[in-house]
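Undergrad: Below is the file entry-v4.txt, with compact mmCIF, C-alpha atoms.
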```
# COMPACT_ATOMS: atom_id res chain seq x y z
CA MET A 1 0.00 0.00 0.00
CA ASN A 2 2.79 2.42 -0.86
CA ASN A 3 0.54 4.31 -3.26
CA ILE A 4 -2.65 5.45 -1.52
CA TYR A 5 -4.91 7.89 -3.35
CA ASP A 6 -6.99 10.46 -1.57
CA LEU A 7 -9.76 9.87 -4.08
CA VAL A 8 -10.44 7.32 -6.81
CA ILE A 9 -13.14 8.29 -9.29
CA ILE A 10 -14.65 5.44 -11.28
CA GLY A 11 -15.69 6.79 -14.66
CA ALA A 12 -14.49 9.61 -16.91
CA GLY A 13 -17.81 11.00 -18.07
CA PRO A 14 -18.97 14.54 -17.24
CA ALA A 15 -19.74 13.65 -13.59
CA GLY A 16 -16.39 11.98 -12.98
CA LEU A 17 -14.41 14.68 -14.76
CA ALA A 18 -16.18 17.51 -12.94
CA ALA A 19 -15.46 15.81 -9.60
CA ALA A 20 -11.83 15.29 -10.64
CA ILE A 21 -11.38 18.97 -11.51
CA TYR A 22 -12.64 20.09 -8.11
CA ALA A 23 -10.66 17.48 -6.15
CA GLY A 24 -7.49 18.04 -8.14
CA ARG A 25 -7.79 21.80 -7.70
CA ALA A 26 -7.97 21.16 -3.94
CA ASN A 27 -4.57 19.42 -4.17
CA LEU A 28 -5.94 15.95 -3.47
CA LYS A 29 -4.15 12.96 -4.96
CA VAL A 30 -6.78 11.86 -7.47
CA LEU A 31 -7.03 8.94 -9.90
CA VAL A 32 -9.75 8.56 -12.52
CA LEU A 33 -10.50 5.11 -13.91
CA GLU A 34 -11.74 5.14 -17.47
CA LYS A 35 -12.49 2.83 -20.37
CA GLU A 36 -10.96 3.92 -23.64
CA ASN A 37 -13.46 5.37 -26.15
CA THR A 38 -16.41 4.30 -24.00
CA GLY A 39 -19.31 6.28 -22.58
CA SER A 40 -22.36 8.32 -23.57
CA LEU A 41 -20.44 11.60 -23.61
CA ILE A 42 -17.62 10.52 -25.89
CA MET A 43 -20.08 8.86 -28.27
CA ALA A 44 -22.30 11.95 -28.62
CA HIS A 45 -22.09 13.24 -32.21
CA LYS A 46 -23.12 16.76 -31.21
CA ILE A 47 -24.12 18.52 -28.00
CA ASP A 48 -25.90 21.83 -28.60
CA ASN A 49 -27.54 22.41 -25.20
CA TYR A 50 -24.42 22.68 -23.01
CA PRO A 51 -24.19 26.25 -21.66
CA GLY A 52 -21.40 28.37 -23.10
CA PHE A 53 -21.21 26.64 -26.48
CA PRO A 54 -23.89 28.29 -28.67
CA HIS A 55 -22.68 26.52 -31.81
CA GLY A 56 -22.48 23.11 -30.12
CA LEU A 57 -19.57 20.71 -29.91
CA THR A 58 -18.96 16.99 -30.08
CA GLY A 59 -19.03 14.86 -26.97
CA LYS A 60 -15.44 13.84 -27.64
CA ASP A 61 -14.31 17.47 -27.74
CA LEU A 62 -16.07 18.27 -24.46
CA TYR A 63 -14.57 15.15 -22.87
CA GLN A 64 -11.06 16.11 -23.99
CA GLU A 65 -11.38 19.68 -22.74
CA MET A 66 -12.61 18.51 -19.34
CA LYS A 67 -9.90 15.85 -19.14
CA ASN A 68 -7.17 18.36 -20.03
CA GLN A 69 -8.48 20.67 -17.31
CA ALA A 70 -8.28 17.83 -14.77
CA ILE A 71 -4.76 16.93 -15.90
CA ASN A 72 -3.73 20.57 -15.36
CA PHE A 73 -4.63 19.99 -11.70
CA LYS A 74 -2.38 16.87 -11.64
CA VAL A 75 -5.23 14.35 -11.77
CA GLU A 76 -4.04 10.92 -12.90
CA PHE A 77 -5.89 8.68 -15.37
CA LYS A 78 -5.78 4.91 -15.77
CA THR A 79 -7.49 2.68 -18.32
CA ALA A 80 -9.03 -0.23 -16.41
CA THR A 81 -12.25 -2.17 -15.83
CA PHE A 82 -13.83 -1.74 -12.40
CA LEU A 83 -14.49 -5.12 -10.77
CA GLY A 84 -15.57 -4.31 -7.23
CA LEU A 85 -15.04 -2.29 -4.07
CA ASP A 86 -13.91 -3.45 -0.64
CA VAL A 87 -15.47 -0.88 1.69
CA PHE A 88 -14.38 -2.67 4.87
CA SER A 89 -10.67 -2.05 4.35
CA ASN A 90 -9.01 1.16 5.51
CA PRO A 91 -8.18 2.64 3.09
CA LYS A 92 -10.81 1.24 0.74
CA VAL A 93 -9.74 -1.15 -2.03
CA VAL A 94 -10.90 -0.44 -5.57
CA LYS A 95 -10.57 -3.66 -7.55
CA THR A 96 -9.81 -3.50 -11.27
CA ASP A 97 -8.67 -5.90 -13.96
CA VAL A 98 -5.25 -4.21 -13.95
CA GLU A 99 -4.45 -3.76 -10.26
CA ASN A 100 -6.04 -3.19 -6.88
CA LEU A 101 -6.00 0.46 -5.82
CA HIS A 102 -6.23 1.99 -2.35
CA ALA A 103 -8.16 5.17 -1.64
CA HIS A 104 -9.61 7.11 1.27
CA GLY A 105 -12.65 8.17 -0.75
CA VAL A 106 -14.42 6.82 -3.83
CA ILE A 107 -16.83 8.39 -6.31
CA VAL A 108 -18.80 6.07 -8.60
CA ALA A 109 -19.52 7.94 -11.83
CA THR A 110 -19.74 5.14 -14.36
CA GLY A 111 -22.93 6.22 -16.08
CA TRP A 112 -25.40 3.57 -17.15
CA SER A 113 -24.10 1.38 -19.94
CA LYS A 114 -26.71 -0.16 -22.21
CA ASN A 115 -24.29 -3.02 -22.90
CA SER A 116 -23.34 -3.69 -19.29
CA ASN A 117 -25.53 -6.78 -19.04
CA SER A 118 -23.60 -8.75 -21.67
CA LYS A 119 -22.71 -12.18 -20.34
CA ILE A 120 -20.55 -15.09 -21.36
CA PRO A 121 -22.75 -17.98 -22.61
CA GLY A 122 -23.54 -20.06 -19.53
CA GLU A 123 -22.59 -17.31 -17.06
CA HIS A 124 -26.14 -16.37 -16.10
CA GLU A 125 -27.42 -19.96 -16.11
CA PHE A 126 -24.75 -21.20 -13.69
CA LEU A 127 -24.48 -18.17 -11.43
CA GLY A 128 -24.45 -19.62 -7.92
CA LYS A 129 -24.04 -23.10 -9.39
CA GLY A 130 -20.32 -22.91 -10.06
CA VAL A 131 -20.05 -19.42 -11.53
CA SER A 132 -18.77 -16.87 -9.03
CA TYR A 133 -17.21 -13.41 -9.00
CA CYS A 134 -15.44 -13.82 -5.65
CA ALA A 135 -13.02 -16.59 -4.72
CA THR A 136 -12.53 -15.24 -1.20
CA CYS A 137 -16.32 -15.49 -0.76
CA ASP A 138 -16.85 -18.97 -2.24
CA GLY A 139 -13.41 -20.57 -2.01
CA ALA A 140 -14.33 -22.76 0.95
CA PHE A 141 -16.89 -24.54 -1.28
CA THR A 142 -14.17 -25.68 -3.71
CA ARG A 143 -12.41 -28.23 -1.48
CA GLY A 144 -10.98 -30.99 -3.64
CA MET A 145 -12.32 -29.41 -6.84
CA THR A 146 -10.83 -28.19 -10.11
CA VAL A 147 -11.43 -24.47 -10.52
CA SER A 148 -10.80 -21.90 -13.25
CA LEU A 149 -10.18 -18.17 -12.98
CA PHE A 150 -10.57 -15.73 -15.88
CA GLY A 151 -9.21 -12.19 -16.16
CA LYS A 152 -5.87 -10.48 -15.70
CA GLY A 153 -3.78 -8.63 -13.16
CA GLU A 154 -3.56 -8.55 -9.38
CA GLU A 155 -7.17 -9.42 -8.60
CA VAL A 156 -6.99 -12.77 -10.42
CA ALA A 157 -3.58 -13.58 -8.92
CA GLU A 158 -4.64 -12.78 -5.35
CA GLU A 159 -7.87 -14.73 -5.69
CA ALA A 160 -5.98 -17.72 -7.14
CA LEU A 161 -3.53 -17.59 -4.24
CA PHE A 162 -6.45 -17.71 -1.82
CA LEU A 163 -7.88 -20.77 -3.59
CA THR A 164 -4.66 -22.74 -3.04
CA ARG A 165 -5.95 -23.30 0.52
CA TYR A 166 -8.90 -25.30 -0.78
CA SER A 167 -8.93 -26.29 -4.44
CA LYS A 168 -7.31 -29.44 -5.81
CA GLN A 169 -6.40 -27.91 -9.16
CA ILE A 170 -6.34 -24.24 -10.18
CA GLN A 171 -6.41 -23.09 -13.79
CA ILE A 172 -5.70 -19.41 -14.41
CA PHE A 173 -6.70 -18.12 -17.84
CA VAL A 174 -5.15 -14.75 -18.55
CA THR A 175 -6.40 -12.52 -21.35
CA ASP A 176 -2.94 -10.93 -21.74
CA LYS A 177 0.42 -12.36 -22.79
CA ASN A 178 1.37 -12.88 -19.15
CA LEU A 179 0.00 -12.60 -15.63
CA GLN A 180 1.03 -9.19 -14.35
CA CYS A 181 1.00 -9.09 -10.57
CA ASN A 182 3.16 -8.88 -7.47
CA HIS A 183 6.41 -10.79 -8.03
CA ASP A 184 6.14 -12.81 -4.80
CA ILE A 185 2.57 -13.87 -5.57
CA LEU A 186 3.50 -14.87 -9.12
CA GLU A 187 6.47 -16.90 -7.84
CA THR A 188 4.25 -18.65 -5.30
CA LEU A 189 1.69 -19.54 -7.95
CA THR A 190 4.17 -20.73 -10.58
CA SER A 191 6.01 -22.90 -8.06
CA ASN A 192 2.77 -24.66 -7.03
CA GLU A 193 2.33 -27.87 -9.05
CA ASN A 194 -1.46 -27.62 -8.65
CA VAL A 195 -1.60 -24.25 -10.43
CA LYS A 196 -1.50 -23.87 -14.20
CA ILE A 197 -1.42 -20.52 -16.00
CA PHE A 198 -2.67 -20.14 -19.58
CA THR A 199 -2.06 -16.87 -21.47
CA ASN A 200 -3.78 -15.27 -24.47
CA ALA A 201 -6.92 -17.04 -23.26
CA THR A 202 -10.51 -15.92 -23.84
CA LEU A 203 -13.49 -17.61 -22.19
CA LYS A 204 -16.05 -18.58 -24.83
CA GLU A 205 -18.62 -20.64 -22.92
CA ILE A 206 -19.41 -22.29 -19.59
CA GLN A 207 -21.10 -25.68 -19.79
CA GLY A 208 -22.62 -28.22 -17.45
CA SER A 209 -25.87 -29.89 -16.42
CA GLU A 210 -27.04 -28.83 -12.96
CA TYR A 211 -23.66 -27.35 -12.03
CA VAL A 212 -20.60 -26.17 -13.96
CA GLU A 213 -18.69 -29.07 -15.48
CA LYS A 214 -16.40 -27.58 -18.13
CA VAL A 215 -15.30 -24.39 -19.83
CA LEU A 216 -14.53 -23.67 -23.47
CA VAL A 217 -11.53 -21.37 -23.89
CA ASP A 218 -9.95 -19.83 -26.96
CA ILE A 219 -6.16 -20.02 -26.57
CA ASP A 220 -4.11 -18.47 -29.37
CA GLY A 221 -7.00 -18.86 -31.76
CA GLU A 222 -7.82 -22.47 -30.91
CA THR A 223 -10.87 -23.42 -28.82
CA LYS A 224 -10.07 -25.95 -26.11
CA GLU A 225 -12.20 -27.71 -23.50
CA PHE A 226 -11.20 -27.86 -19.83
CA LYS A 227 -12.82 -29.72 -16.95
CA SER A 228 -13.84 -27.27 -14.26
CA ASP A 229 -16.15 -27.43 -11.23
CA TYR A 230 -16.03 -23.67 -10.64
CA ALA A 231 -15.52 -20.65 -12.89
CA PHE A 232 -14.43 -17.42 -11.18
CA LEU A 233 -14.92 -14.45 -13.49
CA TYR A 234 -13.03 -11.15 -13.32
CA LEU A 235 -14.01 -9.88 -16.76
CA GLY A 236 -16.29 -6.95 -16.02
CA THR A 237 -19.43 -8.88 -17.02
CA LYS A 238 -21.42 -8.10 -13.89
CA SER A 239 -24.60 -6.12 -14.43
CA PRO A 240 -24.77 -2.76 -12.61
CA SER A 241 -27.10 -4.29 -10.01
CA GLU A 242 -24.69 -7.15 -9.34
CA LEU A 243 -21.69 -4.83 -9.23
CA TYR A 244 -22.96 -1.92 -7.17
CA GLY A 245 -25.40 -3.91 -5.06
CA GLU A 246 -22.44 -5.46 -3.27
CA PHE A 247 -21.68 -2.21 -1.45
CA ALA A 248 -24.47 0.32 -2.00
CA LYS A 249 -28.24 0.55 -1.69
CA LEU A 250 -30.01 0.52 -5.05
CA ASP A 251 -33.47 1.51 -6.19
CA ASN A 252 -35.76 -1.01 -7.92
CA GLN A 253 -34.16 -0.21 -11.29
CA GLY A 254 -30.62 -0.80 -10.09
CA TYR A 255 -29.50 2.83 -9.74
CA ILE A 256 -27.41 3.84 -6.72
CA ILE A 257 -29.39 5.71 -4.05
CA THR A 258 -27.75 8.86 -2.65
CA ASN A 259 -28.81 11.91 -0.72
CA GLU A 260 -28.60 15.42 -2.21
CA LEU A 261 -24.89 15.54 -1.27
CA MET A 262 -24.22 12.47 -3.47
CA LYS A 263 -23.47 10.35 -0.39
CA THR A 264 -24.33 6.65 -0.53
CA ASN A 265 -25.11 4.55 2.53
CA ILE A 266 -21.37 3.79 2.81
CA ASP A 267 -19.17 6.36 4.52
CA GLY A 268 -16.71 7.85 2.03
CA VAL A 269 -18.42 6.42 -1.06
CA PHE A 270 -20.27 8.83 -3.33
CA ALA A 271 -22.19 8.42 -6.59
CA ALA A 272 -22.72 10.98 -9.33
CA GLY A 273 -24.18 11.19 -12.81
CA ASP A 274 -26.39 8.72 -14.64
CA ILE A 275 -25.61 5.83 -12.26
CA ARG A 276 -27.41 7.74 -9.48
CA SER A 277 -31.10 7.32 -8.75
CA LYS A 278 -32.73 10.49 -10.08
CA THR A 279 -35.20 11.80 -12.66
CA ILE A 280 -33.23 13.80 -15.24
CA ARG A 281 -30.07 12.52 -16.92
CA GLN A 282 -28.26 15.17 -18.98
CA VAL A 283 -24.63 16.28 -19.33
CA THR A 284 -25.45 19.39 -17.29
CA THR A 285 -27.02 17.41 -14.43
CA ALA A 286 -24.05 15.02 -14.48
CA THR A 287 -21.55 17.86 -14.09
CA SER A 288 -23.70 19.25 -11.28
CA ASP A 289 -23.64 15.88 -9.52
CA GLY A 290 -19.89 15.66 -10.04
CA THR A 291 -19.35 19.12 -8.59
CA ILE A 292 -21.26 18.24 -5.43
CA ALA A 293 -19.63 14.80 -5.10
CA GLY A 294 -16.19 16.32 -5.61
CA MET A 295 -16.68 18.99 -2.96
CA GLU A 296 -18.14 16.53 -0.46
CA ALA A 297 -15.32 14.07 -1.14
CA ILE A 298 -12.77 16.80 -0.49
CA LYS A 299 -14.30 17.49 2.93
CA TYR A 300 -14.53 13.78 3.73
CA VAL A 301 -10.91 13.03 2.83
CA LEU A 302 -9.44 16.05 4.64
CA LEU A 303 -11.40 15.33 7.82
CA LYS A 304 -10.53 11.63 7.69
CA LYS A 305 -6.80 12.35 7.32
CA LYS A 306 -6.95 14.91 10.13
CA ARG A 307 -8.62 12.41 12.48
CA GLU A 308 -6.12 9.70 11.64
CA SER A 309 -3.24 12.12 12.14
CA ASN A 310 -4.56 13.12 15.58
CA ASN A 311 -4.85 9.45 16.60
CA GLN A 312 -1.26 8.64 15.79
```
Show the structure stored in the file as structure tokens.

TA:
Amino acid sequence: MNNIYDLVIIGAGPAGLAAAIYAGRANLKVLVLEKENTGSLIMAHKIDNYPGFPHGLTGKDLYQEMKNQAINFKVEFKTATFLGLDVFSNPKVVKTDVENLHAHGVIVATGWSKNSNSKIPGEHEFLGKGVSYCATCDGAFTRGMTVSLFGKGEEVAEEALFLTRYSKQIQIFVTDKNLQCNHDILETLTSNENVKIFTNATLKEIQGSEYVEKVLVDIDGETKEFKSDYAFLYLGTKSPSELYGEFAKLDNQGYIITNELMKTNIDGVFAAGDIRSKTIRQVTTATSDGTIAGMEAIKYVLLKKKRESNNQ
């Protein structure tokens, strides 16, 4: 935990960027997680109702201007897929497919993706019957079993290491050319004869009868079949309800519930923009949400650090 951020903002749409500008301007150490060329703002062909631009502009242009403004305040950006949030750790742990990040405060500003419910064939059918998103949650059920993990980076490596306590055989399928993680963890995994690592691997389908029995994986362009009793997925295929419902209260449509200060039910976790439960979803309302979330996050982080400093 050498690199602890004051604030991690999940999403680089108008809400996330507005929050980043305010937090960066307040000299907080801020990181914004984004997906390259993804989001309603960047895909907008023309925006002609954003105040101050009477002739309109493209969503991509507005995104770039806001991002440049955040960068001027020393805000960092990282391309990664958000996988989950550990709100019980101090600092909080933001899990991604690249690495696990530590932050005092978190703002969820991911928008509402119309494609966020896409699943691997068999994923939905076997959820809770061998398909899981959390090895530390379900690892104890895998005693004596063959399990498979899919994804990349630290999260997959750490979860696989946890499974060595229980599982008979562990198959790690990495979407990249290698498993990028902590050197000691990688050495521990590669030296374990019960762990096998496959690279350039893409999960195509999960099969079984009542429970998961096998997985079909594309490795270097060739589809192969592997026996597997469990499939642990770290691919960003959770629906918003599955993803955010793990740590925040949601309305009946799956949007995150906040108060007017963008605070969720979890201390230090805020939500802003289209992911928030509200009536109107426009670029202007998203930047408004981001402004409020950013200012409240600044207060939260500064007070938290002051309290911790006084207790030392």

Undergrad: Just how far from CA of Gly16 in chain A is CA of Asn3 in chain A, in Å to one decimal?

TA: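 So the answer is 21.0 Å.
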
Undergrad: Need the shell around range 292-300 of chain A: protein/DNA/RNA residues with any atom at most 12 Å away, counting all atoms listed in the file. Skip same-chain ones fewer than 3 positions apart. Format as a PyMOL selection string?

TA: chain A and resi 6-9+15-30+103-109+258-264+267-273+276+285-289+303-307

Undergrad: For Ile257 in chain A, please output as an NGL selection string all residues within 6 Å (counting all atoms listed in the file; exclusion window: fewer than 2 positions along the same chain).

TA: :A and (249-250 or 277)

Undergrad: Can you work out which one of A:Lys78, A:Leu302, A:Thr291, A:Leu233 has the shortest atom-to-atom distance to Ser132 in chain A, counting all atoms listed in the file?

TA: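 Comparing A:Lys78, A:Leu302, A:Thr291, A:Leu233 against Ser132 in chain A, the winner is A:Leu233.
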
Undergrad: May I ask for the distance between CA of Lys35 in chain A and CA of Ala12 in chain A, given in Å to one decimal place?

TA: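 Going from CA of Lys35 in chain A over to CA of Ala12 in chain A, I get 7.9 Å.
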
Undergrad: Under the rule that all atoms listed in the file are counted, which of A:Leu101, A:Glu125, A:Thr146, A:Glu158 is the nearest residue to Ser209 in chain A?

TA: A:Glu125

Undergrad: Mind pulling up the distance from CA of Asn178 in chain A to CA of Gly153 in chain A?

TA: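 Here the two named atoms are 9.0 Å from each other.
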
Undergrad: With all atoms listed in the file as the basis for distance, which of A:Arg165, A:His45, A:Lys196, A:Lys152 is at the shortest distance from Lys177 in chain A?

TA: A:Lys152

Undergrad: Using the file's own x, y and z axes, what box holds all listed atoms of range 224-243 of chain A with 3 Å on each side, keeping edges along x, y and z, and what are its centre and edge lengths in Å to one decimal, as lines of an AutoDock Vina configuration file?

TA:
```
center_x = -18.6
center_y = -16.2
center_z = -17.7
size_x = 23.0
size_y = 33.0
size_z = 22.9
```

Undergrad: Residues at most 9 Å from Gly59 in chain A, counting all atoms listed in the file, excluding those fewer than 6 positions away in the same chain, as a list of chain:residue names?

TA: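 Answer for this query is A:Ser40, A:Leu41, A:Ile42, A:Met43, A:Ala44, A:His45, A:Lys46, A:Ile47.
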
Undergrad: Can you tell me, as a ChimeraX atom specification, what residues are no more than 8 Å from range 89-98 of chain A when counting only C-alpha atoms, ignoring any on the same chain fewer than 4 positions away?

TA: /A:4,8,80-85,102-105,151-156,234-236

Undergrad: Tell me which of A:Thr136, A:Ser228, A:Asn68, A:Thr142 sits closest to Asp86 in chain A, counting all atoms listed in the file.

TA: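 The shortest atom-to-atom distance to Asp86 in chain A comes from A:Thr136.
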
Undergrad: Please tell me which residues are no farther than 12 Å from (-24.8, -16.7, -10.6) in the file, counting only C-alpha atoms, and write them as a list in words.

TA: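 Neighbouring residues, ordered by chain and number, come to Lys119, Ile120, Gly122, Glu123, His124, Glu125, Phe126, Leu127, Gly128, Lys129, Gly130, Val131, Ser132, Tyr133, Cys134, Asp138, Ile206, Tyr211, Val212, Tyr230, Ala231, Phe232, Leu233, Thr237, Lys238, Ser239 and Glu242 of chain A.
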
Undergrad: Have a look at A:Ser118, A:Ser309, A:Thr110, A:Asn200 and name the one nearest to Asp176 in chain A; count only C-alpha atoms.

TA: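 Using only C-alpha atoms, the shortest distance to Asp176 in chain A belongs to A:Asn200.
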
Undergrad: Nearest residue to Lys204 in chain A out of A:Asn192, A:Ala157, A:Phe150, A:Pro121, using all atoms listed in the file?

TA: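 Going through A:Asn192, A:Ala157, A:Phe150, A:Pro121 one by one, the smallest distance to Lys204 in chain A is for A:Pro121.
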